[in-house]
Amino acid sequence: MRLDLSHIQRWIAPGSRVLDLGCGDGVFLEFLRDQRQVRGTGLEIDQKYITAAISRGINVIEQDMDAGLANFPDQSFDTVVLALALQAVKYPERVLDEVLRIGREGIVTFPNFGHWRCRLMLGLQGRMPVSSFMPYTWYNTPNIHFCTVKDFENLCRDKGIRIVSREVVGETRDQPMLSNKWPNLFAATAIYRISR
Amino acid sequence: MNPQHSVGIVTPQVAHFDAPLKLACGRELTNYDLVYETYGELNEQRSNAVLICHALSGNHHAAGYHSADDKKPGWWDECIGPGKPIDTTHFFVVCLNNLGGCHGSTGPSSINPATGKPWGSDFPPLRTRDWVHSQARLADYLGIECWAAVIGGSLGGMQAMRWSLEFPQRIRHCVVIAAALKLSAQNIAFNEVARQAIESDPDFVDGNYLERSTMPARGLALARMIGHITYLSDDAMANKFGRDLRSGSLDRGEVSNAEFQVQSYLRHQGSQFSGNFDANTYILMTRALDYFDLALEYDNDPVVAFQHAKCSFLVMSFSTDWRFSPERSREIVNALIAADRPVTYAEIEAKEGHDAFLMPIPRYLDVFHAYMLRVRGEN
């Protein structure tokens, strides 16, 4: 399982209702269903992923987050997951509001643009960062709203969003010390559990 | 006949029912026949049965061939057969001609036992729920307690949704394709023009044409032509016919009328249809379609309605369908979400318009297939 997902699964209560925004091939919801008896729904726009998710027996809705999420009632899910999708939406701020309107709790993960490698590439080479984790170049990337750990936390503070817990994942599995101590510099992926 | 991936030669069967059926209109049918076909084998647990509900002008012949000489298979052969989305090596598939139909089930062209004459326009008006209740009787007759899935496109999808509310314990999955919670004013308007076309044909004689040995063939053909236009997209018609001429020319100095390909196509569709279909049935079916309103008896709230359902749903729509557009399907999906029902939704890119639900569109078949595998897994 993807590293950020293996972290956040611990925050999901058995038997709860989970909405996964950008559920991909549904592997996470499948895991939650089989291991946590979670009642899950996924949202996805990629056709290949939708078919793959259906094959796993996942309830998946073809819907574009950028067109809004108004069709999901207030507080209708225990947890709304937005995993590695915040940076790809048109209006991250609105999506965050929607996450916490629809869910009692939100889980958000995103690639940290403040990571030292990004800084190095931009600072020394003067180029937009490209890595194995962010493999796109600036002109073809679906990731249109990069932010750093600090940026995200500032936004949460401004919007009155409570950060229940934060975890960070370093570039490799063996440097948790650094990324825990200086997340904005060493976290490759930031993981937040948020609520109102 | 093309035997590959086909259920092969099939023989329609007739079920006779003597227990009176109370209809939504308040009248009663004392006895009636339902003609149906089945494909595949019912398993020992009787858990693999799938009901196919047909659309406006459909019938019981959904797949396979009636004889080795048949050129065309049943109307949904693209989706039913070995290795197809509704895989007959795993499912026991039942498709019937609905009550009021004209392909063997009791309908306006049947003999009214009370008068000894054809029912004609005196046949009781039917609602979607009447079909669902008669289908439930057929399920009893076949020993099927619970359908693995009830599946339908267009008006068939409306029956599938009605099933989920009328018999929530008897359906595990509901597949709703290119349908709507109710018809729009525009939908009703098209149906009304079709009915007017039939009724204004002098040979219709108030629906009692069988007694008079006439046929409102022109009216029915016209009704079908109108309907057919709404099944196709603007693009599909442009691609298929464009402004191609079948005869004549648009040159200067040409006195006689030119005929476009689309004209002759529509006329062909119309006249073929009027030879195979009953005008009273067409009127009855379009009325049932107009009257359908899933949530009418649930405070006009589809969310309240779907709270009575217990099954999982697959909803599919097609991008260029303007008869029951993706927007109509999203209303179904959103009501299901709000009612906390498990739902899967796919919006299929297709250029064929409403007719797309009958076409072998790769993504449509993929999604359908994947979902039916899930249904199988839960058998």
# chains A, B, ... in the order shown; residues from 1 in each chain; ligands from 1
>>> residues_around(residues="Ile144 (chain A)", least_positions_apart="2", cutoff="10 Å", atoms="only C-alpha atoms", output="list in words")
Leu86, Gln87, Ala88, Val89, Lys90, Tyr91, Pro92, Trp138, Tyr139, Asn140, Thr141, Pro142, Phe146 and Cys147 of chain A
>>> residues_around(residues="Pro113 (chain B)", least_positions_apart="6", cutoff="12 Å", atoms="only C-alpha atoms", output="list in words")
Leu29, Thr30, Asn31, Tyr32, Thr106, Trp119 and Phe123 of chain B
>>> write_last_selection(atoms="N, CA and C atoms", output="PDB file, in the first residue's frame")
ATOM      1  N   LEU B  29     -57.029  -7.355 -13.799  1.00  0.00           N
ATOM      2  CA  LEU B  29     -56.949  -8.345 -14.885  1.00  0.00           C
ATOM      3  C   LEU B  29     -57.202  -9.707 -14.252  1.00  0.00           C
ATOM      4  N   THR B  30     -58.262 -10.393 -14.709  1.00  0.00           N
ATOM      5  CA  THR B  30     -58.610 -11.652 -14.041  1.00  0.00           C
ATOM      6  C   THR B  30     -57.606 -12.749 -14.367  1.00  0.00           C
ATOM      7  N   ASN B  31     -57.142 -12.764 -15.586  1.00  0.00           N
ATOM      8  CA  ASN B  31     -56.078 -13.711 -15.925  1.00  0.00           C
ATOM      9  C   ASN B  31     -55.264 -13.132 -17.074  1.00  0.00           C
ATOM     10  N   TYR B  32     -54.051 -13.606 -17.212  1.00  0.00           N
ATOM     11  CA  TYR B  32     -53.177 -13.044 -18.243  1.00  0.00           C
ATOM     12  C   TYR B  32     -52.026 -13.995 -18.530  1.00  0.00           C
ATOM     13  N   THR B 106     -50.305 -10.740 -22.623  1.00  0.00           N
ATOM     14  CA  THR B 106     -51.647 -10.172 -22.717  1.00  0.00           C
ATOM     15  C   THR B 106     -51.562  -8.651 -22.865  1.00  0.00           C
ATOM     16  N   TRP B 119     -59.294  -6.472 -26.903  1.00  0.00           N
ATOM     17  CA  TRP B 119     -59.403  -5.397 -25.917  1.00  0.00           C
ATOM     18  C   TRP B 119     -59.402  -4.032 -26.611  1.00  0.00           C
ATOM     19  N   PHE B 123     -58.278  -1.794 -23.119  1.00  0.00           N
ATOM     20  CA  PHE B 123     -57.309  -2.460 -22.236  1.00  0.00           C
ATOM     21  C   PHE B 123     -56.928  -1.494 -21.114  1.00  0.00           C
TER      22      PHE B 123
END
>>> interface_residues(of="chain A", to="chain B", cutoff="12 Å", atoms="only C-alpha atoms", output="ChimeraX atom specification")
/A:17-19,39-64,69-77,102
>>> write_last_selection(atoms="N, CA and C atoms", output="mmCIF file, in the first residue's frame")
data_model
loop_
_atom_site.group_PDB
_atom_site.id
_atom_site.type_symbol
_atom_site.label_atom_id
_atom_site.label_comp_id
_atom_site.auth_asym_id
_atom_site.auth_seq_id
_atom_site.Cartn_x
_atom_site.Cartn_y
_atom_site.Cartn_z
ATOM 1 N N ARG A 17 -18.133 5.270 7.952
ATOM 2 C CA ARG A 17 -18.420 5.614 6.560
ATOM 3 C C ARG A 17 -17.307 6.512 6.048
ATOM 4 N N VAL A 18 -16.736 6.123 4.926
ATOM 5 C CA VAL A 18 -15.587 6.859 4.389
ATOM 6 C C VAL A 18 -15.854 7.271 2.944
ATOM 7 N N LEU A 19 -15.587 8.537 2.654
ATOM 8 C CA LEU A 19 -15.634 9.029 1.276
ATOM 9 C C LEU A 19 -14.203 9.315 0.845
ATOM 10 N N ARG A 39 -17.802 1.198 5.346
ATOM 11 C CA ARG A 39 -18.708 1.410 4.213
ATOM 12 C C ARG A 39 -18.174 2.594 3.422
ATOM 13 N N GLY A 40 -17.609 2.298 2.271
ATOM 14 C CA GLY A 40 -16.895 3.339 1.544
ATOM 15 C C GLY A 40 -17.523 3.717 0.218
ATOM 16 N N THR A 41 -17.269 4.964 -0.160
ATOM 17 C CA THR A 41 -17.622 5.436 -1.494
ATOM 18 C C THR A 41 -16.406 6.157 -2.049
ATOM 19 N N GLY A 42 -16.138 5.941 -3.324
ATOM 20 C CA GLY A 42 -15.014 6.611 -3.950
ATOM 21 C C GLY A 42 -15.478 7.583 -5.022
ATOM 22 N N LEU A 43 -14.692 8.638 -5.210
ATOM 23 C CA LEU A 43 -14.960 9.579 -6.291
ATOM 24 C C LEU A 43 -13.764 9.524 -7.225
ATOM 25 N N GLU A 44 -14.008 9.482 -8.539
ATOM 26 C CA GLU A 44 -12.879 9.363 -9.459
ATOM 27 C C GLU A 44 -13.313 9.896 -10.820
ATOM 28 N N ILE A 45 -12.335 10.409 -11.584
ATOM 29 C CA ILE A 45 -12.661 10.831 -12.945
ATOM 30 C C ILE A 45 -11.897 10.032 -13.998
ATOM 31 N N ASP A 46 -10.861 9.334 -13.573
ATOM 32 C CA ASP A 46 -10.079 8.561 -14.541
ATOM 33 C C ASP A 46 -10.814 7.253 -14.874
ATOM 34 N N GLN A 47 -11.109 7.075 -16.177
ATOM 35 C CA GLN A 47 -11.949 5.948 -16.593
ATOM 36 C C GLN A 47 -11.343 4.597 -16.244
ATOM 37 N N LYS A 48 -10.021 4.485 -16.420
ATOM 38 C CA LYS A 48 -9.377 3.199 -16.140
ATOM 39 C C LYS A 48 -9.491 2.866 -14.660
ATOM 40 N N TYR A 49 -9.266 3.885 -13.820
ATOM 41 C CA TYR A 49 -9.375 3.684 -12.377
ATOM 42 C C TYR A 49 -10.801 3.294 -11.981
ATOM 43 N N ILE A 50 -11.783 3.920 -12.637
ATOM 44 C CA ILE A 50 -13.184 3.651 -12.274
ATOM 45 C C ILE A 50 -13.502 2.172 -12.507
ATOM 46 N N THR A 51 -13.121 1.673 -13.677
ATOM 47 C CA THR A 51 -13.383 0.257 -13.967
ATOM 48 C C THR A 51 -12.640 -0.639 -12.981
ATOM 49 N N ALA A 52 -11.388 -0.274 -12.675
ATOM 50 C CA ALA A 52 -10.608 -1.079 -11.735
ATOM 51 C C ALA A 52 -11.272 -1.089 -10.359
ATOM 52 N N ALA A 53 -11.764 0.079 -9.927
ATOM 53 C CA ALA A 53 -12.421 0.155 -8.615
ATOM 54 C C ALA A 53 -13.701 -0.676 -8.601
ATOM 55 N N ILE A 54 -14.460 -0.618 -9.696
ATOM 56 C CA ILE A 54 -15.693 -1.415 -9.766
ATOM 57 C C ILE A 54 -15.338 -2.904 -9.659
ATOM 58 N N SER A 55 -14.240 -3.290 -10.333
ATOM 59 C CA SER A 55 -13.822 -4.699 -10.280
ATOM 60 C C SER A 55 -13.510 -5.139 -8.860
ATOM 61 N N ARG A 56 -13.096 -4.203 -8.027
ATOM 62 C CA ARG A 56 -12.820 -4.556 -6.625
ATOM 63 C C ARG A 56 -14.089 -4.528 -5.779
ATOM 64 N N GLY A 57 -15.195 -4.239 -6.417
ATOM 65 C CA GLY A 57 -16.449 -4.196 -5.671
ATOM 66 C C GLY A 57 -16.646 -2.913 -4.902
ATOM 67 N N ILE A 58 -15.935 -1.866 -5.309
ATOM 68 C CA ILE A 58 -16.023 -0.568 -4.634
ATOM 69 C C ILE A 58 -17.151 0.254 -5.262
ATOM 70 N N ASN A 59 -17.885 0.973 -4.423
ATOM 71 C CA ASN A 59 -18.888 1.906 -4.937
ATOM 72 C C ASN A 59 -18.164 3.169 -5.366
ATOM 73 N N VAL A 60 -18.120 3.402 -6.657
ATOM 74 C CA VAL A 60 -17.351 4.541 -7.146
ATOM 75 C C VAL A 60 -18.249 5.417 -8.017
ATOM 76 N N ILE A 61 -18.125 6.716 -7.812
ATOM 77 C CA ILE A 61 -18.938 7.678 -8.546
ATOM 78 C C ILE A 61 -18.034 8.441 -9.504
ATOM 79 N N GLU A 62 -18.407 8.474 -10.768
ATOM 80 C CA GLU A 62 -17.655 9.270 -11.729
ATOM 81 C C GLU A 62 -18.077 10.730 -11.548
ATOM 82 N N GLN A 63 -17.183 11.511 -11.006
ATOM 83 C CA GLN A 63 -17.518 12.916 -10.730
ATOM 84 C C GLN A 63 -16.238 13.730 -10.605
ATOM 85 N N ASP A 64 -16.287 14.939 -11.143
ATOM 86 C CA ASP A 64 -15.148 15.840 -11.123
ATOM 87 C C ASP A 64 -15.267 16.766 -9.909
ATOM 88 N N LEU A 69 -18.971 19.527 -4.942
ATOM 89 C CA LEU A 69 -19.347 18.305 -4.222
ATOM 90 C C LEU A 69 -20.683 18.506 -3.514
ATOM 91 N N ALA A 70 -21.461 19.463 -4.043
ATOM 92 C CA ALA A 70 -22.701 19.859 -3.370
ATOM 93 C C ALA A 70 -23.698 18.715 -3.267
ATOM 94 N N ASN A 71 -23.519 17.665 -4.082
ATOM 95 C CA ASN A 71 -24.464 16.543 -4.039
ATOM 96 C C ASN A 71 -24.248 15.637 -2.835
ATOM 97 N N PHE A 72 -23.194 15.888 -2.056
ATOM 98 C CA PHE A 72 -22.987 15.104 -0.838
ATOM 99 C C PHE A 72 -23.518 15.896 0.358
ATOM 100 N N PRO A 73 -24.476 15.322 1.099
ATOM 101 C CA PRO A 73 -25.085 16.060 2.219
ATOM 102 C C PRO A 73 -24.086 16.374 3.341
ATOM 103 N N ASP A 74 -24.430 17.373 4.134
ATOM 104 C CA ASP A 74 -23.618 17.772 5.291
ATOM 105 C C ASP A 74 -23.406 16.586 6.225
ATOM 106 N N GLN A 75 -22.190 16.435 6.699
ATOM 107 C CA GLN A 75 -21.856 15.455 7.747
ATOM 108 C C GLN A 75 -22.385 14.050 7.432
ATOM 109 N N SER A 76 -22.327 13.679 6.158
ATOM 110 C CA SER A 76 -22.884 12.382 5.778
ATOM 111 C C SER A 76 -21.833 11.265 5.826
ATOM 112 N N PHE A 77 -20.584 11.609 6.074
ATOM 113 C CA PHE A 77 -19.540 10.596 6.218
ATOM 114 C C PHE A 77 -18.765 10.834 7.516
ATOM 115 N N ILE A 102 -18.782 17.731 4.489
ATOM 116 C CA ILE A 102 -19.324 16.395 4.220
ATOM 117 C C ILE A 102 -18.927 15.414 5.322
#
>>> residues_around(residues="Trp11 (chain A)", least_positions_apart="2", cutoff="12 Å", atoms="only C-alpha atoms", output="count of residues only")
28
>>> select_by_dssp(residues="region 166-293 of chain B", states="strand (DSSP E)", output="short mmCIF file (atom, residue, chain, number, x, y, z; two decimals) with N, CA and C atoms, in the first residue's frame")
data_model
loop_
_atom_site.label_atom_id
_atom_site.label_comp_id
_atom_site.auth_asym_id
_atom_site.auth_seq_id
_atom_site.Cartn_x
_atom_site.Cartn_y
_atom_site.Cartn_z
N HIS B 173 -29.17 -6.28 -6.57
CA HIS B 173 -28.53 -5.21 -7.33
C HIS B 173 -29.53 -4.64 -8.33
N CYS B 174 -29.43 -3.34 -8.54
CA CYS B 174 -30.33 -2.66 -9.47
C CYS B 174 -29.46 -1.91 -10.48
N VAL B 175 -29.59 -2.25 -11.75
CA VAL B 175 -28.78 -1.62 -12.79
C VAL B 175 -29.68 -0.72 -13.65
N VAL B 176 -29.40 0.58 -13.58
CA VAL B 176 -30.27 1.59 -14.20
C VAL B 176 -29.48 2.30 -15.29
N ILE B 177 -29.85 2.10 -16.54
CA ILE B 177 -29.06 2.63 -17.65
C ILE B 177 -29.88 3.64 -18.44
N LEU B 245 -27.89 12.97 -50.34
CA LEU B 245 -29.15 12.78 -51.06
C LEU B 245 -29.30 11.32 -51.47
N ARG B 246 -30.52 10.86 -51.39
CA ARG B 246 -30.80 9.52 -51.88
C ARG B 246 -31.22 9.58 -53.34
N SER B 247 -31.97 10.64 -53.67
CA SER B 247 -32.35 10.82 -55.06
C SER B 247 -32.53 12.31 -55.34
N GLU B 259 -34.51 13.97 -52.35
CA GLU B 259 -34.79 13.23 -51.12
C GLU B 259 -33.48 12.99 -50.37
N PHE B 260 -33.46 13.41 -49.11
CA PHE B 260 -32.27 13.18 -48.28
C PHE B 260 -32.26 11.74 -47.77
#
>>> atom_distance(atom1="CA of Ile226 (chain B)", atom2="CA of Ala197 (chain B)")
9.3 Å
>>> residues_around(residues="Asn59 (chain B)", least_positions_apart="6", cutoff="7 Å", atoms="only C-alpha atoms", output="list of chain:residue names")
B:Leu96, B:Asn97, B:His103
>>> residues_around(residues="Arg243 (chain B)", least_positions_apart="3", cutoff="12 Å", atoms="only C-alpha atoms", output="VMD selection string")
chain B and resid 237 to 240 246 to 247 249 to 250 258 to 263
>>> select_by_dssp(residues="region 152-200 of chain B", states="helix (DSSP H, G or I)", output="number ranges by chain")
B: 155-166, 168-170, 185-199
>>> write_last_selection(atoms="N, CA and C atoms", output="PDB file, in the first residue's frame")
ATOM      1  N   LEU B 155     -36.878   3.040 -20.208  1.00  0.00           N
ATOM      2  CA  LEU B 155     -38.060   2.627 -19.439  1.00  0.00           C
ATOM      3  C   LEU B 155     -37.771   1.366 -18.621  1.00  0.00           C
ATOM      4  N   GLY B 156     -36.862   0.526 -19.122  1.00  0.00           N
ATOM      5  CA  GLY B 156     -36.457  -0.664 -18.368  1.00  0.00           C
ATOM      6  C   GLY B 156     -35.756  -0.299 -17.070  1.00  0.00           C
ATOM      7  N   GLY B 157     -34.962   0.768 -17.103  1.00  0.00           N
ATOM      8  CA  GLY B 157     -34.278   1.243 -15.904  1.00  0.00           C
ATOM      9  C   GLY B 157     -35.278   1.758 -14.869  1.00  0.00           C
ATOM     10  N   MET B 158     -36.374   2.329 -15.367  1.00  0.00           N
ATOM     11  CA  MET B 158     -37.408   2.814 -14.454  1.00  0.00           C
ATOM     12  C   MET B 158     -38.081   1.640 -13.741  1.00  0.00           C
ATOM     13  N   GLN B 159     -38.297   0.554 -14.483  1.00  0.00           N
ATOM     14  CA  GLN B 159     -38.851  -0.652 -13.845  1.00  0.00           C
ATOM     15  C   GLN B 159     -37.882  -1.196 -12.799  1.00  0.00           C
ATOM     16  N   ALA B 160     -36.586  -1.187 -13.136  1.00  0.00           N
ATOM     17  CA  ALA B 160     -35.585  -1.693 -12.192  1.00  0.00           C
ATOM     18  C   ALA B 160     -35.616  -0.870 -10.897  1.00  0.00           C
ATOM     19  N   MET B 161     -35.700   0.465 -11.034  1.00  0.00           N
ATOM     20  CA  MET B 161     -35.772   1.315  -9.833  1.00  0.00           C
ATOM     21  C   MET B 161     -37.041   1.027  -9.043  1.00  0.00           C
ATOM     22  N   ARG B 162     -38.173   0.857  -9.762  1.00  0.00           N
ATOM     23  CA  ARG B 162     -39.439   0.579  -9.080  1.00  0.00           C
ATOM     24  C   ARG B 162     -39.357  -0.736  -8.314  1.00  0.00           C
ATOM     25  N   TRP B 163     -38.652  -1.719  -8.908  1.00  0.00           N
ATOM     26  CA  TRP B 163     -38.426  -2.996  -8.216  1.00  0.00           C
ATOM     27  C   TRP B 163     -37.768  -2.773  -6.857  1.00  0.00           C
ATOM     28  N   SER B 164     -36.773  -1.896  -6.845  1.00  0.00           N
ATOM     29  CA  SER B 164     -36.004  -1.694  -5.611  1.00  0.00           C
ATOM     30  C   SER B 164     -36.882  -1.132  -4.498  1.00  0.00           C
ATOM     31  N   LEU B 165     -37.980  -0.478  -4.872  1.00  0.00           N
ATOM     32  CA  LEU B 165     -38.870   0.097  -3.861  1.00  0.00           C
ATOM     33  C   LEU B 165     -40.048  -0.821  -3.540  1.00  0.00           C
ATOM     34  N   GLU B 166     -40.581  -1.493  -4.556  1.00  0.00           N
ATOM     35  CA  GLU B 166     -41.763  -2.338  -4.353  1.00  0.00           C
ATOM     36  C   GLU B 166     -41.401  -3.655  -3.662  1.00  0.00           C
ATOM     37  N   PRO B 168     -38.087  -4.593  -1.989  1.00  0.00           N
ATOM     38  CA  PRO B 168     -36.689  -4.399  -1.581  1.00  0.00           C
ATOM     39  C   PRO B 168     -35.988  -5.685  -1.158  1.00  0.00           C
ATOM     40  N   GLN B 169     -36.773  -6.670  -0.686  1.00  0.00           N
ATOM     41  CA  GLN B 169     -36.143  -7.917  -0.224  1.00  0.00           C
ATOM     42  C   GLN B 169     -35.852  -8.866  -1.378  1.00  0.00           C
ATOM     43  N   ARG B 170     -36.338  -8.534  -2.557  1.00  0.00           N
ATOM     44  CA  ARG B 170     -36.246  -9.501  -3.649  1.00  0.00           C
ATOM     45  C   ARG B 170     -35.245  -9.074  -4.724  1.00  0.00           C
ATOM     46  N   ALA B 185     -41.057  17.747 -19.223  1.00  0.00           N
ATOM     47  CA  ALA B 185     -42.134  18.237 -20.100  1.00  0.00           C
ATOM     48  C   ALA B 185     -41.789  17.959 -21.559  1.00  0.00           C
ATOM     49  N   GLN B 186     -40.510  18.113 -21.906  1.00  0.00           N
ATOM     50  CA  GLN B 186     -40.102  17.859 -23.295  1.00  0.00           C
ATOM     51  C   GLN B 186     -40.303  16.384 -23.669  1.00  0.00           C
ATOM     52  N   ASN B 187     -39.937  15.486 -22.759  1.00  0.00           N
ATOM     53  CA  ASN B 187     -40.141  14.058 -22.996  1.00  0.00           C
ATOM     54  C   ASN B 187     -41.623  13.762 -23.248  1.00  0.00           C
ATOM     55  N   ILE B 188     -42.468  14.323 -22.373  1.00  0.00           N
ATOM     56  CA  ILE B 188     -43.912  14.077 -22.487  1.00  0.00           C
ATOM     57  C   ILE B 188     -44.425  14.658 -23.799  1.00  0.00           C
ATOM     58  N   ALA B 189     -43.903  15.808 -24.160  1.00  0.00           N
ATOM     59  CA  ALA B 189     -44.332  16.459 -25.402  1.00  0.00           C
ATOM     60  C   ALA B 189     -44.063  15.560 -26.608  1.00  0.00           C
ATOM     61  N   PHE B 190     -42.877  14.992 -26.665  1.00  0.00           N
ATOM     62  CA  PHE B 190     -42.572  14.087 -27.782  1.00  0.00           C
ATOM     63  C   PHE B 190     -43.521  12.889 -27.782  1.00  0.00           C
ATOM     64  N   ASN B 191     -43.783  12.330 -26.608  1.00  0.00           N
ATOM     65  CA  ASN B 191     -44.696  11.182 -26.535  1.00  0.00           C
ATOM     66  C   ASN B 191     -46.100  11.568 -26.984  1.00  0.00           C
ATOM     67  N   GLU B 192     -46.505  12.794 -26.637  1.00  0.00           N
ATOM     68  CA  GLU B 192     -47.848  13.230 -27.021  1.00  0.00           C
ATOM     69  C   GLU B 192     -47.961  13.372 -28.541  1.00  0.00           C
ATOM     70  N   VAL B 193     -46.936  13.914 -29.154  1.00  0.00           N
ATOM     71  CA  VAL B 193     -46.965  14.028 -30.619  1.00  0.00           C
ATOM     72  C   VAL B 193     -47.065  12.633 -31.240  1.00  0.00           C
ATOM     73  N   ALA B 194     -46.337  11.686 -30.662  1.00  0.00           N
ATOM     74  CA  ALA B 194     -46.394  10.311 -31.180  1.00  0.00           C
ATOM     75  C   ALA B 194     -47.813   9.751 -31.048  1.00  0.00           C
ATOM     76  N   ARG B 195     -48.424   9.972 -29.901  1.00  0.00           N
ATOM     77  CA  ARG B 195     -49.799   9.461 -29.703  1.00  0.00           C
ATOM     78  C   ARG B 195     -50.774  10.144 -30.654  1.00  0.00           C
ATOM     79  N   GLN B 196     -50.593  11.463 -30.800  1.00  0.00           N
ATOM     80  CA  GLN B 196     -51.480  12.196 -31.710  1.00  0.00           C
ATOM     81  C   GLN B 196     -51.339  11.680 -33.141  1.00  0.00           C
ATOM     82  N   ALA B 197     -50.122  11.336 -33.516  1.00  0.00           N
ATOM     83  CA  ALA B 197     -49.900  10.804 -34.862  1.00  0.00           C
ATOM     84  C   ALA B 197     -50.731   9.543 -35.067  1.00  0.00           C
ATOM     85  N   ILE B 198     -50.742   8.686 -34.052  1.00  0.00           N
ATOM     86  CA  ILE B 198     -51.499   7.434 -34.151  1.00  0.00           C
ATOM     87  C   ILE B 198     -53.002   7.719 -34.140  1.00  0.00           C
ATOM     88  N   GLU B 199     -53.416   8.529 -33.168  1.00  0.00           N
ATOM     89  CA  GLU B 199     -54.858   8.725 -32.970  1.00  0.00           C
ATOM     90  C   GLU B 199     -55.511   9.494 -34.117  1.00  0.00           C
TER      91      GLU B 199
END
>>> residues_around(residues="Asp278 (chain B)", least_positions_apart="2", cutoff="10 Å", atoms="only C-alpha atoms", output="PDB file with C-alpha atoms, in the first residue's frame")
ATOM      1  CA  SER B  57     -40.788  -0.986 -27.848  1.00  0.00           C
ATOM      2  CA  GLY B 100     -49.798  -4.693 -22.374  1.00  0.00           C
ATOM      3  CA  GLY B 101     -47.213  -5.674 -24.939  1.00  0.00           C
ATOM      4  CA  CYS B 102     -47.843  -7.018 -28.405  1.00  0.00           C
ATOM      5  CA  HIS B 103     -45.387  -9.896 -28.679  1.00  0.00           C
ATOM      6  CA  GLY B 107     -52.245  -6.720 -24.140  1.00  0.00           C
ATOM      7  CA  PRO B 108     -54.629  -4.571 -26.163  1.00  0.00           C
ATOM      8  CA  SER B 109     -54.516  -6.965 -29.130  1.00  0.00           C
ATOM      9  CA  GLY B 120     -58.322  -2.533 -28.171  1.00  0.00           C
ATOM     10  CA  LEU B 210     -58.656  -4.877 -34.986  1.00  0.00           C
ATOM     11  CA  MET B 215     -54.386  -0.858 -39.145  1.00  0.00           C
ATOM     12  CA  PRO B 216     -53.250   2.678 -38.300  1.00  0.00           C
ATOM     13  CA  ALA B 217     -49.970   1.897 -40.039  1.00  0.00           C
ATOM     14  CA  LEU B 220     -47.787   4.315 -36.006  1.00  0.00           C
ATOM     15  CA  PHE B 273     -41.960  -0.743 -37.007  1.00  0.00           C
ATOM     16  CA  SER B 274     -45.603  -0.342 -37.912  1.00  0.00           C
ATOM     17  CA  GLY B 275     -45.574  -3.835 -39.379  1.00  0.00           C
ATOM     18  CA  ASN B 276     -44.302  -5.350 -36.133  1.00  0.00           C
ATOM     19  CA  ASN B 280     -52.584   0.573 -28.764  1.00  0.00           C
ATOM     20  CA  THR B 281     -49.543  -0.952 -27.091  1.00  0.00           C
ATOM     21  CA  TYR B 282     -47.455   2.002 -28.237  1.00  0.00           C
ATOM     22  CA  ILE B 283     -49.958   4.396 -26.706  1.00  0.00           C
ATOM     23  CA  LEU B 284     -50.128   2.361 -23.505  1.00  0.00           C
TER      24      LEU B 284
END
>>> atom_distance(atom1="CA of Arg127 (chain A)", atom2="CA of Gly114 (chain A)")
14.4 Å
>>> atom_distance(atom1="CA of Gly207 (chain B)", atom2="CA of Pro125 (chain B)")
13.1 Å
>>> residues_around(residues="region 141-146 of chain B", least_positions_apart="3", cutoff="8 Å", atoms="only C-alpha atoms", output="short mmCIF file (atom, residue, chain, number, x, y, z; two decimals) with C-alpha atoms, in the first residue's frame")
data_model
loop_
_atom_site.label_atom_id
_atom_site.label_comp_id
_atom_site.auth_asym_id
_atom_site.auth_seq_id
_atom_site.Cartn_x
_atom_site.Cartn_y
_atom_site.Cartn_z
CA ALA B 15 -46.63 -18.46 -18.31
CA ARG B 46 -31.57 -20.10 -7.10
CA SER B 47 -29.33 -17.15 -6.42
CA ALA B 49 -31.21 -15.09 -11.58
CA ARG B 137 -45.53 -13.14 -10.21
CA LEU B 138 -43.29 -14.49 -12.96
CA GLN B 169 -36.14 -7.92 -0.22
CA ARG B 170 -36.25 -9.50 -3.65
CA ILE B 171 -33.45 -7.63 -5.43
CA ARG B 172 -29.75 -7.49 -4.55
#
